[in-house]
>>> print(open('work-v6.cif').read())   # mmCIF, C-alpha atoms
data_entry
#
loop_
_atom_site.label_atom_id
_atom_site.label_comp_id
_atom_site.auth_asym_id
_atom_site.auth_seq_id
_atom_site.Cartn_x
_atom_site.Cartn_y
_atom_site.Cartn_z
CA MET A 1 -121.85 -27.51 53.52
CA ILE A 2 -119.09 -25.19 52.28
CA MET A 3 -118.22 -25.16 48.61
CA GLU A 4 -116.44 -22.74 46.34
CA GLN A 5 -118.85 -20.75 44.19
CA LYS A 6 -118.91 -22.17 40.68
CA ASN A 7 -120.80 -21.14 37.57
CA ILE A 8 -123.85 -23.43 37.78
CA ARG A 9 -124.12 -23.55 34.00
CA GLN A 10 -120.80 -25.38 33.84
CA LEU A 11 -122.36 -28.37 35.61
CA SER A 12 -123.84 -31.26 33.65
CA LEU A 13 -127.24 -32.65 34.58
CA PRO A 14 -125.68 -35.66 36.41
CA GLU A 15 -123.41 -33.27 38.35
CA LEU A 16 -126.42 -31.18 39.36
CA GLU A 17 -128.26 -34.33 40.42
CA ALA A 18 -125.29 -35.33 42.57
CA TYR A 19 -125.32 -31.88 44.19
CA PHE A 20 -129.00 -32.09 45.15
CA ILE A 21 -128.58 -35.60 46.54
CA GLU A 22 -125.57 -34.38 48.54
CA ILE A 23 -127.58 -31.58 50.18
CA GLY A 24 -130.41 -33.97 50.98
CA ASP A 25 -132.86 -32.71 48.37
CA LYS A 26 -134.72 -34.54 45.61
CA LYS A 27 -132.87 -35.58 42.47
CA PHE A 28 -135.60 -34.11 40.20
CA ARG A 29 -134.66 -30.60 41.38
CA ALA A 30 -131.67 -30.84 39.01
CA LYS A 31 -133.97 -31.14 36.00
CA GLN A 32 -136.00 -28.15 37.18
CA VAL A 33 -132.87 -26.03 37.53
CA TYR A 34 -131.49 -27.30 34.21
CA GLU A 35 -134.70 -26.21 32.47
CA TRP A 36 -134.47 -22.76 34.02
CA ILE A 37 -130.89 -22.40 32.87
CA TRP A 38 -131.06 -23.77 29.31
CA GLN A 39 -134.70 -23.53 28.20
CA LYS A 40 -136.27 -20.72 30.22
CA HIS A 41 -133.03 -18.69 30.17
CA ALA A 42 -133.12 -17.56 33.80
CA HIS A 43 -130.65 -14.78 34.56
CA SER A 44 -130.78 -15.19 38.32
CA PHE A 45 -131.78 -17.81 40.90
CA ASP A 46 -134.68 -15.56 41.92
CA ASP A 47 -136.20 -16.20 38.47
CA MET A 48 -136.59 -19.90 39.33
CA THR A 49 -140.05 -19.48 40.77
CA ASN A 50 -140.96 -23.16 41.18
CA LEU A 51 -138.14 -23.57 43.71
CA SER A 52 -138.58 -22.58 47.35
CA LYS A 53 -137.12 -19.25 48.44
CA GLN A 54 -134.81 -21.14 50.82
CA LEU A 55 -133.45 -23.31 47.99
CA ARG A 56 -132.95 -20.29 45.71
CA THR A 57 -130.98 -18.60 48.50
CA GLN A 58 -128.91 -21.75 49.00
CA LEU A 59 -128.13 -21.99 45.28
CA GLY A 60 -127.04 -18.34 45.34
CA GLU A 61 -124.64 -19.13 48.19
CA HIS A 62 -123.11 -22.11 46.42
CA PHE A 63 -123.15 -21.03 42.76
CA THR A 64 -122.96 -18.07 40.43
CA LEU A 65 -125.24 -17.60 37.41
CA PRO A 66 -123.34 -15.17 35.19
CA ALA A 67 -125.22 -14.01 32.11
CA LEU A 68 -124.32 -11.91 29.12
CA GLY A 69 -126.10 -8.55 28.98
CA VAL A 70 -126.95 -6.29 26.04
CA ASP A 71 -124.78 -3.17 26.31
CA ALA A 72 -125.93 -1.40 23.12
CA THR A 73 -128.06 -2.13 20.05
CA GLN A 74 -127.94 -0.61 16.56
CA PHE A 75 -130.54 -0.96 13.82
CA SER A 76 -129.57 -0.89 10.14
CA ASN A 77 -131.72 0.54 7.37
CA ASP A 78 -131.84 -2.96 5.83
CA GLY A 79 -133.24 -4.59 8.98
CA THR A 80 -129.94 -5.93 10.33
CA ILE A 81 -129.57 -5.57 14.12
CA LYS A 82 -126.15 -5.40 15.77
CA SER A 83 -125.82 -5.94 19.51
CA ARG A 84 -122.87 -5.23 21.73
CA PHE A 85 -122.90 -7.71 24.60
CA LYS A 86 -121.13 -7.23 27.92
CA THR A 87 -119.65 -10.11 29.90
CA VAL A 88 -119.75 -10.24 33.70
CA ASP A 89 -116.05 -9.30 33.78
CA GLY A 90 -116.65 -6.22 31.61
CA HIS A 91 -115.54 -7.37 28.15
CA LEU A 92 -117.49 -6.41 25.04
CA VAL A 93 -118.33 -8.64 22.07
CA GLU A 94 -120.67 -8.17 19.15
CA GLY A 95 -123.34 -10.31 17.53
CA VAL A 96 -125.59 -9.63 14.56
CA LEU A 97 -129.10 -10.61 13.50
CA ILE A 98 -129.26 -10.81 9.71
CA PRO A 99 -132.86 -11.04 8.45
CA THR A 100 -133.94 -12.01 4.94
CA ASP A 101 -137.32 -13.16 3.65
CA GLU A 102 -136.19 -16.79 3.70
CA ARG A 103 -134.15 -16.93 6.91
CA LYS A 104 -133.18 -15.22 10.13
CA THR A 105 -129.50 -15.74 10.85
CA ALA A 106 -127.49 -15.05 14.01
CA CYS A 107 -123.83 -14.20 13.50
CA VAL A 108 -122.09 -14.87 16.82
CA SER A 109 -118.64 -14.29 18.30
CA SER A 110 -116.40 -16.92 19.88
CA GLN A 111 -113.60 -14.78 21.36
CA VAL A 112 -113.11 -11.34 22.88
CA GLY A 113 -110.93 -9.93 20.10
CA CYS A 114 -108.80 -12.21 17.90
CA SER A 115 -105.19 -13.35 17.68
CA LEU A 116 -105.00 -13.99 13.92
CA SER A 117 -104.46 -10.47 12.49
CA CYS A 118 -106.19 -10.98 9.13
CA LYS A 119 -105.56 -7.67 7.38
CA PHE A 120 -109.10 -7.10 6.08
CA CYS A 121 -110.92 -7.82 9.34
CA ALA A 122 -111.47 -5.12 11.95
CA THR A 123 -111.43 -7.66 14.80
CA GLY A 124 -107.95 -8.74 13.66
CA TYR A 125 -106.59 -5.36 14.75
CA MET A 126 -107.74 -5.94 18.33
CA ASP A 127 -105.89 -7.99 20.91
CA ARG A 128 -107.42 -11.29 21.96
CA LYS A 129 -108.47 -10.74 25.56
CA ARG A 130 -109.90 -14.20 26.23
CA ASN A 131 -112.04 -17.00 24.88
CA LEU A 132 -115.77 -16.83 25.41
CA HIS A 133 -117.20 -19.57 27.63
CA TYR A 134 -119.77 -21.83 26.03
CA ASP A 135 -122.60 -20.35 28.09
CA GLU A 136 -121.65 -16.85 26.87
CA ILE A 137 -121.84 -18.05 23.26
CA TYR A 138 -125.19 -19.66 24.06
CA ASP A 139 -126.44 -16.39 25.58
CA GLN A 140 -125.69 -14.53 22.34
CA VAL A 141 -127.88 -16.96 20.41
CA VAL A 142 -130.69 -16.73 22.99
CA MET A 143 -130.73 -12.92 22.92
CA ILE A 144 -130.49 -12.67 19.13
CA ASN A 145 -133.33 -15.20 18.87
CA GLU A 146 -135.41 -13.01 21.20
CA GLN A 147 -134.66 -10.01 18.96
CA SER A 148 -135.77 -12.00 15.91
CA GLU A 149 -139.06 -12.97 17.56
CA ARG A 150 -139.67 -9.38 18.73
CA SER A 151 -138.76 -7.67 15.47
CA PHE A 152 -139.86 -10.22 12.85
CA GLY A 153 -142.16 -12.64 14.65
CA LYS A 154 -139.90 -15.56 13.73
CA LYS A 155 -137.31 -17.68 15.48
CA LEU A 156 -133.75 -17.97 14.20
CA SER A 157 -133.37 -20.36 11.28
CA ASN A 158 -129.57 -20.35 11.11
CA ILE A 159 -126.45 -19.62 13.16
CA VAL A 160 -123.03 -18.72 11.78
CA PHE A 161 -119.85 -18.50 13.84
CA MET A 162 -118.52 -15.59 11.77
CA GLY A 163 -118.35 -12.89 14.43
CA MET A 164 -115.34 -11.88 16.49
CA GLY A 165 -112.58 -14.44 16.99
CA GLU A 166 -111.40 -17.72 15.45
CA PRO A 167 -113.81 -20.48 16.55
CA LEU A 168 -111.28 -23.31 16.17
CA LEU A 169 -108.92 -21.59 18.62
CA ASN A 170 -111.71 -21.82 21.18
CA TYR A 171 -112.51 -25.38 20.18
CA ASN A 172 -113.99 -26.91 23.34
CA ASN A 173 -116.24 -23.96 24.18
CA VAL A 174 -117.54 -23.68 20.61
CA LEU A 175 -118.38 -27.39 20.43
CA LYS A 176 -120.00 -27.34 23.85
CA ALA A 177 -122.05 -24.27 22.89
CA ILE A 178 -123.24 -26.02 19.72
CA GLU A 179 -124.09 -29.13 21.74
CA ARG A 180 -126.28 -26.98 24.06
CA ILE A 181 -127.81 -25.04 21.14
CA SER A 182 -128.76 -28.27 19.34
CA ALA A 183 -129.74 -30.30 22.43
CA GLU A 184 -133.41 -31.13 22.99
CA ASP A 185 -133.10 -29.69 26.51
CA GLY A 186 -131.41 -26.60 25.04
CA LEU A 187 -132.55 -24.62 21.99
CA GLY A 188 -133.23 -27.73 19.90
CA MET A 189 -131.75 -26.32 16.68
CA SER A 190 -130.47 -28.77 14.08
CA PRO A 191 -126.66 -28.70 13.75
CA ARG A 192 -127.21 -28.71 9.98
CA ARG A 193 -128.38 -25.11 10.40
CA ILE A 194 -125.14 -24.11 12.10
CA THR A 195 -121.99 -23.07 10.22
CA VAL A 196 -118.58 -22.64 11.81
CA SER A 197 -116.27 -20.37 9.81
CA THR A 198 -112.50 -20.72 10.18
CA ALA A 199 -109.51 -18.81 8.85
CA GLY A 200 -107.92 -22.24 8.47
CA VAL A 201 -106.38 -24.14 11.38
CA ALA A 202 -105.58 -27.45 9.66
CA LYS A 203 -104.96 -29.48 12.82
CA MET A 204 -108.30 -28.42 14.33
CA ILE A 205 -110.21 -29.02 11.09
CA LYS A 206 -108.97 -32.61 11.29
CA LYS A 207 -110.04 -32.76 14.94
CA LEU A 208 -113.55 -31.73 13.85
CA GLY A 209 -113.45 -34.77 11.59
CA ASP A 210 -112.29 -37.04 14.40
CA ASP A 211 -115.10 -35.70 16.59
CA GLU A 212 -117.56 -36.40 13.75
CA VAL A 213 -119.34 -33.06 14.06
CA ARG A 214 -122.62 -32.59 12.24
CA PHE A 215 -122.53 -28.83 11.62
CA LYS A 216 -121.32 -27.17 8.42
CA LEU A 217 -117.83 -25.77 7.92
CA ALA A 218 -116.79 -22.65 6.01
CA LEU A 219 -113.17 -21.89 5.12
CA SER A 220 -112.25 -18.22 4.77
CA LEU A 221 -109.95 -18.65 1.77
CA HIS A 222 -109.90 -15.13 0.21
CA ALA A 223 -106.87 -15.90 -1.98
CA ALA A 224 -106.19 -19.07 -3.95
CA ASN A 225 -102.40 -19.06 -3.86
CA ASP A 226 -100.06 -19.02 -0.88
CA LYS A 227 -98.21 -15.83 -1.83
CA LYS A 228 -101.35 -13.68 -1.82
CA ARG A 229 -102.94 -15.47 1.11
CA ASN A 230 -99.79 -14.92 3.20
CA GLU A 231 -100.09 -11.18 2.54
CA ILE A 232 -103.59 -10.82 3.95
CA MET A 233 -103.82 -13.82 6.31
CA PRO A 234 -100.63 -14.47 8.32
CA ILE A 235 -102.07 -17.79 9.53
CA ASN A 236 -101.42 -19.15 6.02
CA GLU A 237 -97.68 -19.23 6.72
CA SER A 238 -98.25 -22.12 9.14
CA ASN A 239 -101.45 -23.48 7.54
CA ASN A 240 -100.91 -23.24 3.79
CA ILE A 241 -103.44 -24.10 1.12
CA LYS A 242 -102.07 -27.60 0.57
CA ALA A 243 -102.41 -28.39 4.30
CA LEU A 244 -105.95 -26.97 4.32
CA VAL A 245 -106.97 -29.01 1.26
CA GLU A 246 -105.74 -32.16 3.00
CA ALA A 247 -107.52 -31.24 6.26
CA LEU A 248 -110.83 -30.46 4.52
CA ASN A 249 -110.76 -33.76 2.65
CA TYR A 250 -110.13 -35.55 5.93
CA PHE A 251 -112.98 -33.62 7.57
CA TYR A 252 -115.40 -34.52 4.78
CA LYS A 253 -114.40 -38.19 4.74
CA LYS A 254 -115.12 -38.40 8.48
CA THR A 255 -118.31 -36.32 8.63
CA GLY A 256 -119.88 -35.87 5.19
CA SER A 257 -120.77 -32.36 6.40
CA GLU A 258 -121.16 -29.50 3.97
CA ILE A 259 -118.10 -27.34 3.19
CA THR A 260 -118.21 -23.80 1.81
CA LEU A 261 -115.32 -21.66 0.60
CA GLU A 262 -115.56 -17.96 1.49
CA TYR A 263 -113.83 -15.53 -0.87
CA ILE A 264 -113.84 -11.75 -0.38
CA LEU A 265 -113.08 -9.88 -3.59
CA PHE A 266 -110.50 -7.08 -3.32
CA GLN A 267 -109.94 -4.71 -6.24
CA ASN A 268 -106.71 -5.39 -8.20
CA PHE A 269 -105.60 -8.04 -5.70
CA ASN A 270 -107.60 -11.25 -6.07
CA ASP A 271 -110.32 -10.32 -8.57
CA SER A 272 -108.78 -11.16 -11.98
CA ILE A 273 -109.75 -14.04 -14.26
CA GLU A 274 -106.38 -15.64 -13.38
CA ASP A 275 -107.37 -15.46 -9.71
CA ALA A 276 -110.73 -17.02 -10.59
CA GLU A 277 -108.97 -19.88 -12.38
CA GLU A 278 -106.72 -20.49 -9.35
CA LEU A 279 -109.86 -20.61 -7.20
CA VAL A 280 -111.36 -23.19 -9.58
CA LYS A 281 -108.27 -25.37 -9.11
CA VAL A 282 -108.51 -25.20 -5.31
CA PHE A 283 -112.27 -25.83 -5.40
CA ARG A 284 -111.75 -29.01 -7.45
CA GLN A 285 -109.41 -30.44 -4.81
CA ILE A 286 -112.01 -30.13 -2.06
CA PRO A 287 -115.48 -31.71 -1.71
CA ALA A 288 -116.93 -28.21 -1.30
CA ASP A 289 -120.59 -27.48 -2.06
CA LEU A 290 -120.28 -23.80 -2.73
CA VAL A 291 -118.05 -20.76 -3.15
CA ASN A 292 -119.48 -17.71 -1.40
CA LEU A 293 -118.18 -14.57 -3.08
CA ILE A 294 -118.36 -11.79 -0.52
CA GLU A 295 -118.60 -8.07 -1.05
CA TYR A 296 -115.69 -6.37 0.71
CA ASN A 297 -116.67 -3.95 3.48
CA THR A 298 -114.14 -1.23 4.10
CA ILE A 299 -112.42 -0.80 7.45
CA ASP A 300 -110.22 2.13 8.46
CA ALA A 301 -107.00 0.16 8.84
CA PHE A 302 -107.01 -1.64 5.46
CA GLN A 303 -106.76 0.29 2.22
CA PHE A 304 -108.29 -2.17 -0.24
CA THR A 305 -111.57 -1.40 -1.97
CA LYS A 306 -114.19 -3.61 -3.57
CA PRO A 307 -114.12 -4.22 -7.35
CA ASP A 308 -116.68 -2.71 -9.71
CA GLU A 309 -119.77 -4.69 -10.70
CA ASP A 310 -118.39 -5.69 -14.12
CA THR A 311 -115.27 -7.23 -12.54
CA VAL A 312 -117.36 -9.10 -9.99
CA GLN A 313 -119.68 -10.41 -12.70
CA ALA A 314 -116.77 -11.51 -14.90
CA PHE A 315 -115.23 -13.37 -11.93
CA MET A 316 -118.56 -15.02 -11.16
CA ASN A 317 -119.15 -15.95 -14.80
CA HIS A 318 -115.75 -17.62 -15.03
CA LEU A 319 -116.45 -19.76 -11.98
CA GLU A 320 -119.85 -20.81 -13.31
CA LYS A 321 -118.45 -21.55 -16.77
CA ARG A 322 -115.89 -23.86 -15.12
CA GLY A 323 -118.59 -25.72 -13.19
CA VAL A 324 -118.14 -24.10 -9.79
CA ASN A 325 -121.29 -23.55 -7.72
CA ALA A 326 -120.83 -19.89 -6.76
CA ARG A 327 -123.05 -17.34 -5.05
CA LEU A 328 -122.53 -13.62 -4.52
CA ARG A 329 -123.29 -12.64 -0.93
CA ARG A 330 -124.34 -9.02 -0.66
CA SER A 331 -123.38 -7.40 2.62
CA ARG A 332 -125.97 -6.43 5.20
CA GLY A 333 -125.69 -3.86 7.97
CA LYS A 334 -122.85 -1.80 6.45
CA ASP A 335 -124.31 1.45 7.77
CA ILE A 336 -123.86 0.24 11.39
CA ASP A 337 -120.51 -1.56 10.87
CA ALA A 338 -122.29 -4.91 11.23
CA ALA A 339 -121.20 -6.41 7.90
CA CYS A 340 -118.65 -9.17 7.36
CA GLY A 341 -115.24 -8.12 8.73
CA GLN A 342 -116.44 -4.94 10.44
CA LEU A 343 -117.04 -6.07 14.04
CA ALA A 344 -114.64 -4.21 16.31
CA ASN A 345 -116.55 -2.61 19.19
CA LYS A 346 -115.98 0.84 17.70
CA ALA A 347 -118.30 2.43 20.19
CA GLY A 348 -116.58 0.94 23.20
CA GLN A 349 -113.30 -0.88 22.82
CA ASP A 350 -112.05 -2.20 26.16
#
>>> encode(input="work-v6.cif", output="structure tokens")
Amino acid sequence: MIMEQKNIRQLSLPELEAYFIEIGDKKFRAKQVYEWIWQKHAHSFDDMTNLSKQLRTQLGEHFTLPALGVDATQFSNDGTIKSRFKTVDGHLVEGVLIPTDERKTACVSSQVGCSLSCKFCATGYMDRKRNLHYDEIYDQVVMINEQSERSFGKKLSNIVFMGMGEPLLNYNNVLKAIERISAEDGLGMSPRRITVSTAGVAKMIKKLGDDEVRFKLALSLHAANDKKRNEIMPINESNNIKALVEALNYFYKKTGSEITLEYILFQNFNDSIEDAEELVKVFRQIPADLVNLIEYNTIDAFQFTKPDEDTVQAFMNHLEKRGVNARLRRSRGKDIDAACGQLANKAGQD
């Protein structure tokens, strides 16, 4: 039987069953192979030791089993671990393990590079080479989970899509990856422990609502009026705050899933009490649970700095006084360029 080689991980269980029936083998072989792929994380057909050598050879003739590899690893003084992963076609993407006492979080990438050009984000200065396939996203989670077990003796508790790329511009692969991550015959992680962060693609936020997703959503707001947001996030020109407010309300009405607003503080740009009040007004239009205030991490191409502690505290106090649930997120992994906004493959841009 002659067939074009296809990535075996792109086949569903019923498609695998049909393949085994077609070659005159038992249907249950599909479940064995599926377990090797998604639960035992086999990186080659030779790893599938409960299959005959002849069948493993046959699978290798008919299919490919591409897997992400770890190209380099860096360890931060605060325990954060950054990995540079290499795809089978030679692209590099980064993922981060962020450990705290309460949780072990994987920050994963969804694209090779990014097309959105947010001024404060190192990835935004790279070209977008391609979307990551869902199995490549899944591989990041598997390998970061293995790091967590090795280094801390604990499995991942959370996953955030806050690495390289805009997840909603790789919509189908991101949703399929989450389906595999949360499936019982995958990693079995609750979607409630997964957060997808977007720079704000209103049409796709509504599509998340239509698809009734169960994971959490974070909007990278970073400025609470269109003039300022346009300056640092060009996507705002076609997805302004009013459109995003409408989309987030639609999303919540359809899903009831938790929404967080992300807000990086930049000195003398969006850190005044007036800025805080504008943020309060946006927050009140959205069924958001939380505002995450984020410490800005410097990158070479963007000349903003972070505000002093007094300014940050005054901003935070104003939000709390006005009834906004706000939290200050301290950055982790700054010494290895693993903090929010710093992922850019510095050691090996392709």
>>> residues_around(input="work-v6.cif", residues="segment 252-267 of chain A", least_positions_apart="5", cutoff="8 Å", atoms="only C-alpha atoms", output="number ranges by chain")
A: 209-210, 212-223, 283, 287-296, 304-308, 312
>>> residues_near_point(input="work-v6.cif", point="(-121.1, -16.0, 27.8)", cutoff="9 Å", atoms="only C-alpha atoms", output="PDB file with C-alpha atoms, keeping the file's coordinate frame")
ATOM      1  CA  PRO A  66    -123.340 -15.170  35.190  1.00  0.00           C
ATOM      2  CA  ALA A  67    -125.220 -14.010  32.110  1.00  0.00           C
ATOM      3  CA  LEU A  68    -124.320 -11.910  29.120  1.00  0.00           C
ATOM      4  CA  LYS A  86    -121.130  -7.230  27.920  1.00  0.00           C
ATOM      5  CA  THR A  87    -119.650 -10.110  29.900  1.00  0.00           C
ATOM      6  CA  VAL A  88    -119.750 -10.240  33.700  1.00  0.00           C
ATOM      7  CA  LEU A 132    -115.770 -16.830  25.410  1.00  0.00           C
ATOM      8  CA  HIS A 133    -117.200 -19.570  27.630  1.00  0.00           C
ATOM      9  CA  TYR A 134    -119.770 -21.830  26.030  1.00  0.00           C
ATOM     10  CA  ASP A 135    -122.600 -20.350  28.090  1.00  0.00           C
ATOM     11  CA  GLU A 136    -121.650 -16.850  26.870  1.00  0.00           C
ATOM     12  CA  ILE A 137    -121.840 -18.050  23.260  1.00  0.00           C
ATOM     13  CA  TYR A 138    -125.190 -19.660  24.060  1.00  0.00           C
ATOM     14  CA  ASP A 139    -126.440 -16.390  25.580  1.00  0.00           C
ATOM     15  CA  GLN A 140    -125.690 -14.530  22.340  1.00  0.00           C
TER      16      GLN A 140
END
>>> closest_residue(input="work-v6.cif", among="A:Ser110, A:Asp185, A:Ala314, A:Gly200", to="Leu13 of chain A", atoms="only C-alpha atoms")
A:Asp185
>>> atom_distance(input="work-v6.cif", atom1="atom CA of Pro167 of chain A", atom2="atom CA of Ala72 of chain A")
23.5 Å
>>> resolve_selection(input="work-v6.cif", expression="the PyMOL selection byres ((chain A and resi 244) around 12)", output="ChimeraX atom specification")
/A:198-206,218-221,224-226,235-243,245-251,261,282-283,285-286
>>> atom_distance(input="work-v6.cif", atom1="atom CA of Val141 of chain A", atom2="atom CA of Lys119 of chain A")
27.5 Å
>>> atom_distance(input="work-v6.cif", atom1="atom CA of Ser182 of chain A", atom2="atom CA of Thr195 of chain A")
12.5 Å
>>> resolve_selection(input="work-v6.cif", expression="the PyMOL selection byres ((chain A and resi 154-160) around 8)", output="list in words")
Arg103, Lys104, Thr105, Ala106, Cys107, Val108, Val141, Ile144, Asn145, Glu146, Ser148, Glu149, Arg150, Phe152, Gly153, Phe161, Met162, Gly163, Arg193, Ile194, Thr195, Val196 and Ser197 of chain A
>>> closest_residue(input="work-v6.cif", among="A:Lys40, A:Arg29, A:Lys82, A:Lys228", to="Gln147 of chain A", atoms="only C-alpha atoms")
A:Lys82
>>> residues_around(input="work-v6.cif", residues="Gln39 of chain A", least_positions_apart="3", cutoff="12 Å", atoms="all atoms listed in the file", output="list of chain:residue names")
A:Lys31, A:Gln32, A:Val33, A:Tyr34, A:Glu35, A:Trp36, A:Ala42, A:His43, A:Met48, A:Tyr138, A:Asp139, A:Val142, A:Arg180, A:Ile181, A:Ser182, A:Ala183, A:Glu184, A:Asp185, A:Gly186, A:Leu187, A:Gly188
>>> write_last_selection(input="work-v6.cif", atoms="C-alpha atoms", output="PDB file, in the coordinates of the input")
ATOM      1  CA  LYS A  31    -133.970 -31.140  36.000  1.00  0.00           C
ATOM      2  CA  GLN A  32    -136.000 -28.150  37.180  1.00  0.00           C
ATOM      3  CA  VAL A  33    -132.870 -26.030  37.530  1.00  0.00           C
ATOM      4  CA  TYR A  34    -131.490 -27.300  34.210  1.00  0.00           C
ATOM      5  CA  GLU A  35    -134.700 -26.210  32.470  1.00  0.00           C
ATOM      6  CA  TRP A  36    -134.470 -22.760  34.020  1.00  0.00           C
ATOM      7  CA  ALA A  42    -133.120 -17.560  33.800  1.00  0.00           C
ATOM      8  CA  HIS A  43    -130.650 -14.780  34.560  1.00  0.00           C
ATOM      9  CA  MET A  48    -136.590 -19.900  39.330  1.00  0.00           C
ATOM     10  CA  TYR A 138    -125.190 -19.660  24.060  1.00  0.00           C
ATOM     11  CA  ASP A 139    -126.440 -16.390  25.580  1.00  0.00           C
ATOM     12  CA  VAL A 142    -130.690 -16.730  22.990  1.00  0.00           C
ATOM     13  CA  ARG A 180    -126.280 -26.980  24.060  1.00  0.00           C
ATOM     14  CA  ILE A 181    -127.810 -25.040  21.140  1.00  0.00           C
ATOM     15  CA  SER A 182    -128.760 -28.270  19.340  1.00  0.00           C
ATOM     16  CA  ALA A 183    -129.740 -30.300  22.430  1.00  0.00           C
ATOM     17  CA  GLU A 184    -133.410 -31.130  22.990  1.00  0.00           C
ATOM     18  CA  ASP A 185    -133.100 -29.690  26.510  1.00  0.00           C
ATOM     19  CA  GLY A 186    -131.410 -26.600  25.040  1.00  0.00           C
ATOM     20  CA  LEU A 187    -132.550 -24.620  21.990  1.00  0.00           C
ATOM     21  CA  GLY A 188    -133.230 -27.730  19.900  1.00  0.00           C
TER      22      GLY A 188
END
>>> resolve_selection(input="work-v6.cif", expression="the PyMOL selection byres ((chain A and resi 80) around 7)", output="PyMOL selection string")
chain A and resi 75-76+78-79+81-82+97-99+332-333
>>> build_atoms(input="work-v6.cif", residues="segment 213-224 of chain A", atoms="N, CA, C and O atoms", output="compact mmCIF listing (two decimals), in the coordinates of the input")
# COMPACT_ATOMS: atom_id res chain seq x y z
N VAL A 213 -118.34 -34.12 13.86
CA VAL A 213 -119.34 -33.06 14.06
C VAL A 213 -120.37 -33.09 12.94
O VAL A 213 -120.10 -33.59 11.84
N ARG A 214 -121.53 -32.55 13.21
CA ARG A 214 -122.62 -32.59 12.24
C ARG A 214 -122.96 -31.21 11.68
O ARG A 214 -123.84 -31.07 10.83
N PHE A 215 -122.27 -30.17 12.16
CA PHE A 215 -122.53 -28.83 11.62
C PHE A 215 -121.70 -28.60 10.36
O PHE A 215 -120.81 -29.37 10.02
N LYS A 216 -122.01 -27.50 9.67
CA LYS A 216 -121.32 -27.17 8.42
C LYS A 216 -120.03 -26.41 8.71
O LYS A 216 -119.90 -25.78 9.77
N LEU A 217 -119.12 -26.45 7.76
CA LEU A 217 -117.83 -25.77 7.92
C LEU A 217 -117.61 -24.83 6.74
O LEU A 217 -117.86 -25.18 5.59
N ALA A 218 -117.15 -23.62 7.05
CA ALA A 218 -116.79 -22.65 6.01
C ALA A 218 -115.33 -22.28 6.18
O ALA A 218 -114.88 -21.97 7.28
N LEU A 219 -114.57 -22.32 5.09
CA LEU A 219 -113.17 -21.89 5.12
C LEU A 219 -113.06 -20.50 4.51
O LEU A 219 -113.46 -20.27 3.37
N SER A 220 -112.52 -19.56 5.29
CA SER A 220 -112.25 -18.22 4.77
C SER A 220 -110.96 -18.29 3.95
O SER A 220 -109.86 -18.21 4.49
N LEU A 221 -111.12 -18.46 2.65
CA LEU A 221 -109.95 -18.65 1.77
C LEU A 221 -109.39 -17.30 1.33
O LEU A 221 -108.24 -16.97 1.62
N HIS A 222 -110.17 -16.53 0.59
CA HIS A 222 -109.90 -15.13 0.21
C HIS A 222 -108.71 -14.92 -0.72
O HIS A 222 -108.51 -13.82 -1.23
N ALA A 223 -107.91 -15.93 -0.95
CA ALA A 223 -106.87 -15.90 -1.98
C ALA A 223 -106.54 -17.36 -2.28
O ALA A 223 -106.49 -18.18 -1.37
N ALA A 224 -106.33 -17.67 -3.56
CA ALA A 224 -106.19 -19.07 -3.95
C ALA A 224 -104.75 -19.47 -4.24
O ALA A 224 -104.50 -20.53 -4.80
